[in-house]
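A short write-up of the structure that comes next.
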Amino acid sequence: MKLRNNKRVCWATGLCGLLTVLVGPTVAIAQQQSSSTKSSSSSAGRTAMINPEADRIFKETSALISQAKSFSVSAEVWEDEVVGAHKVATSKTVDVKLRRPNLLQVEGRSPRHTRGFWLNGKTLTILDRTNNLYGTVPVTGTIDEVLDTAQDRFGITFPLEDFLVSDPYEAMAHIKGGAYLGKATILGTPCKYVAFSTDKVDWQLWVYTSQGLPRKLVITYKDERTQPQYTAIFSNWKLNAELPDATFTFTPPKGASKIEIVPAMAQLTPTGRTNEPATKSPSKK
């Protein structure tokens, strides 16, 4: 998912084009002006047609995530893709372990690809488990800064990255409208239901009534011809989880080939996807 910059891109890396990590979307949801009122969000300095209750729910949810020194969460993700003349839903599972300010481990698994990400405060490593290839680049800074560097320099988008930043509420300052849609039950779990919009995307969020954490997210890309959707179902949230240093330490699998990750050379295509970046040949490590 990719909500922070209203841009839908592939997770393309320099690992011979093989570490094309899951797709990262964007967000938005149609304004419902009949039920929304104009309010100002002081933290972002924005003024928009956002229902106060929707704004409060999202702000409180973001605060729970941002105030946690560490957390782990799992998600099942479905994303629409066009295959031939058909729009089909691809599926994957994602497991996240995060410890602020600069430690992160993410696993993404689908029927076709399995990827792993390790950020240990000094380096970022990406493993393509399917092809047993990995690459490592030196990085510095917080998780937020590394996410931006990975996107801007290498064209890499992390799974669920909009909930990995230090302040999801602040990161969504481009929201143009929001609505509170009442209560709903998601897989037997009582939730509060809110919806938001930007110029290019609509997004819906269901929040656990008891925990205040995300339960379900649906993103619709309004500016794409087929208006594809991205859906994530969250489970097993553990705030302030005990995560040892070893969680964020990468050990190459037996027989894995190391490939240099190089800066992405391609520009976004009209569909919003990236062309294949420049790569270098693998070396056996």
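Labels for the structure tokens follow display order: chains A, B, ..., residues from 1 in each chain, ligands from 1.
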TODO: Fewer than 3 positions away in the same chain doesn't count, so skip those; otherwise give me all residues within 7 Å of Leu213 of chain A, counting only C-alpha atoms, as an MDAnalysis selection string.
DONE: chainID A and resid 61 207:208
TODO: Name the residues of segment 64-275 of chain A that fall into strand (DSSP E) according to DSSP on the backbone, using the chain letters and numbers of this document, as a PyMOL selection string.
DONE: chain A and resi 70-83+86-99+103-109+114-119+123-128+133-138+177-186+189-197+201-208+214-221+229-239+257-258
If you keep C-alpha atoms, can you produce a file of those selected residues as a short mmCIF file (atom, residue, chain, number, x, y, z; two decimals), in the first residue's frame?
```cif
data_model
loop_
_atom_site.label_atom_id
_atom_site.label_comp_id
_atom_site.auth_asym_id
_atom_site.auth_seq_id
_atom_site.Cartn_x
_atom_site.Cartn_y
_atom_site.Cartn_z
CA SER A 70 7.58 -1.58 19.04
CA PHE A 71 4.84 -3.68 17.51
CA SER A 72 4.10 -6.74 15.43
CA VAL A 73 1.10 -7.35 13.16
CA SER A 74 -0.04 -9.75 10.45
CA ALA A 75 -2.24 -9.06 7.43
CA GLU A 76 -3.90 -10.87 4.56
CA VAL A 77 -3.82 -8.73 1.43
CA TRP A 78 -5.78 -8.86 -1.81
CA GLU A 79 -4.99 -6.64 -4.78
CA ASP A 80 -6.69 -6.28 -8.16
CA GLU A 81 -4.61 -6.80 -11.28
CA VAL A 82 -5.58 -6.99 -14.94
CA VAL A 83 -4.54 -10.27 -16.56
CA HIS A 86 -9.75 -10.14 -16.77
CA LYS A 87 -9.48 -8.18 -13.54
CA VAL A 88 -8.37 -10.69 -10.91
CA ALA A 89 -7.52 -10.46 -7.22
CA THR A 90 -4.05 -11.59 -6.19
CA SER A 91 -3.42 -12.54 -2.57
CA LYS A 92 -0.52 -12.44 -0.14
CA THR A 93 0.20 -12.53 3.58
CA VAL A 94 2.37 -9.97 5.35
CA ASP A 95 4.04 -10.17 8.77
CA VAL A 96 5.61 -7.06 10.30
CA LYS A 97 7.95 -6.65 13.27
CA LEU A 98 9.00 -3.08 14.09
CA ARG A 99 11.07 -1.44 16.82
CA LEU A 103 14.60 -1.55 13.22
CA LEU A 104 12.17 -3.35 10.91
CA GLN A 105 11.56 -6.87 9.60
CA VAL A 106 8.83 -7.67 7.07
CA GLU A 107 7.87 -10.92 5.34
CA GLY A 108 5.57 -11.00 2.32
CA ARG A 109 4.31 -14.32 0.95
CA THR A 114 8.08 -14.73 -1.05
CA ARG A 115 10.08 -11.68 0.04
CA GLY A 116 11.83 -10.65 3.22
CA PHE A 117 13.06 -7.23 4.39
CA TRP A 118 15.55 -6.54 7.18
CA LEU A 119 16.44 -3.08 8.46
CA THR A 123 21.76 -1.68 6.32
CA LEU A 124 18.63 -2.64 4.40
CA THR A 125 18.54 -6.19 3.05
CA ILE A 126 15.92 -7.62 0.70
CA LEU A 127 15.64 -11.36 0.13
CA ASP A 128 13.79 -12.99 -2.75
CA LEU A 133 18.61 -13.92 -4.19
CA TYR A 134 19.36 -11.05 -1.83
CA GLY A 135 20.82 -7.56 -1.86
CA THR A 136 22.04 -5.20 0.85
CA VAL A 137 22.53 -1.43 0.84
CA PRO A 138 23.86 0.88 3.58
CA GLY A 177 -12.69 14.51 2.84
CA GLY A 178 -13.77 12.05 5.49
CA ALA A 179 -16.95 10.40 6.78
CA TYR A 180 -17.95 8.37 9.81
CA LEU A 181 -20.11 5.47 8.60
CA GLY A 182 -21.11 3.95 11.92
CA LYS A 183 -20.41 0.47 13.28
CA ALA A 184 -19.77 -2.74 11.37
CA THR A 185 -18.64 -6.29 12.06
CA ILE A 186 -15.55 -7.62 10.27
CA THR A 189 -15.12 -8.37 15.24
CA PRO A 190 -17.07 -5.19 16.14
CA CYS A 191 -15.50 -2.19 14.41
CA LYS A 192 -15.90 1.53 13.80
CA TYR A 193 -16.13 2.35 10.10
CA VAL A 194 -14.62 5.48 8.54
CA ALA A 195 -13.86 6.59 4.99
CA PHE A 196 -11.52 9.22 3.57
CA SER A 197 -10.69 10.69 0.17
CA VAL A 201 -7.90 7.50 -4.21
CA ASP A 202 -10.72 6.52 -1.90
CA TRP A 203 -9.97 4.53 1.25
CA GLN A 204 -12.06 2.86 3.89
CA LEU A 205 -10.83 1.87 7.33
CA TRP A 206 -12.44 -0.39 9.93
CA VAL A 207 -11.01 0.00 13.44
CA TYR A 208 -11.38 -2.50 16.30
CA PRO A 214 -6.86 -1.15 12.21
CA ARG A 215 -8.86 -4.29 11.37
CA LYS A 216 -9.50 -3.78 7.65
CA LEU A 217 -8.38 -1.36 4.96
CA VAL A 218 -9.78 -0.98 1.42
CA ILE A 219 -8.18 1.38 -1.10
CA THR A 220 -9.73 2.27 -4.48
CA TYR A 221 -7.58 3.89 -7.19
CA GLN A 229 -8.82 -2.10 -5.15
CA TYR A 230 -6.34 -3.07 -2.44
CA THR A 231 -7.71 -4.84 0.64
CA ALA A 232 -5.85 -5.71 3.85
CA ILE A 233 -7.26 -7.61 6.84
CA PHE A 234 -5.16 -7.05 9.97
CA SER A 235 -4.77 -9.47 12.89
CA ASN A 236 -2.55 -10.24 15.87
CA TRP A 237 -1.62 -6.67 16.73
CA LYS A 238 0.91 -6.66 19.60
CA LEU A 239 1.95 -3.20 20.77
CA SER A 257 23.28 -15.42 -4.41
CA LYS A 258 24.04 -11.83 -3.51
#
```
Task: A:Asp199, A:Glu60, A:Asp144, A:Glu53 ranked by distance to Ile175 of chain A, top pick (using only C-alpha atoms) - done: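 Ranking A:Asp199, A:Glu60, A:Asp144, A:Glu53 by distance to Ile175 of chain A, first place goes to A:Asp199.
If you measure from each of A:Thr198, A:Thr142, A:Asn120, A:Gln227 to Ala246 of chain A using only C-alpha atoms, the closest one turns out to be A:Asn120.
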TODO: Find the distance between atom CA of Thr149 of chain A and atom CA of Ser62 of chain A and write it in Å to one decimal.
DONE: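 Calculated distance between atom CA of Thr149 of chain A and atom CA of Ser62 of chain A is 22.5 Å.
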- [ ] Could you check how far atom CA of Leu164 of chain A sits from atom CA of Arg56 of chain A, in Å to one decimal?
- [x]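 Rounded to one decimal, the two atoms are 19.8 Å apart.
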TODO: Can you work out which one of A:Pro101, A:Thr251, A:Ser210, A:Ala256 has the shortest atom-to-atom distance to Gln67 of chain A, counting only C-alpha atoms?
DONE: A:Pro101
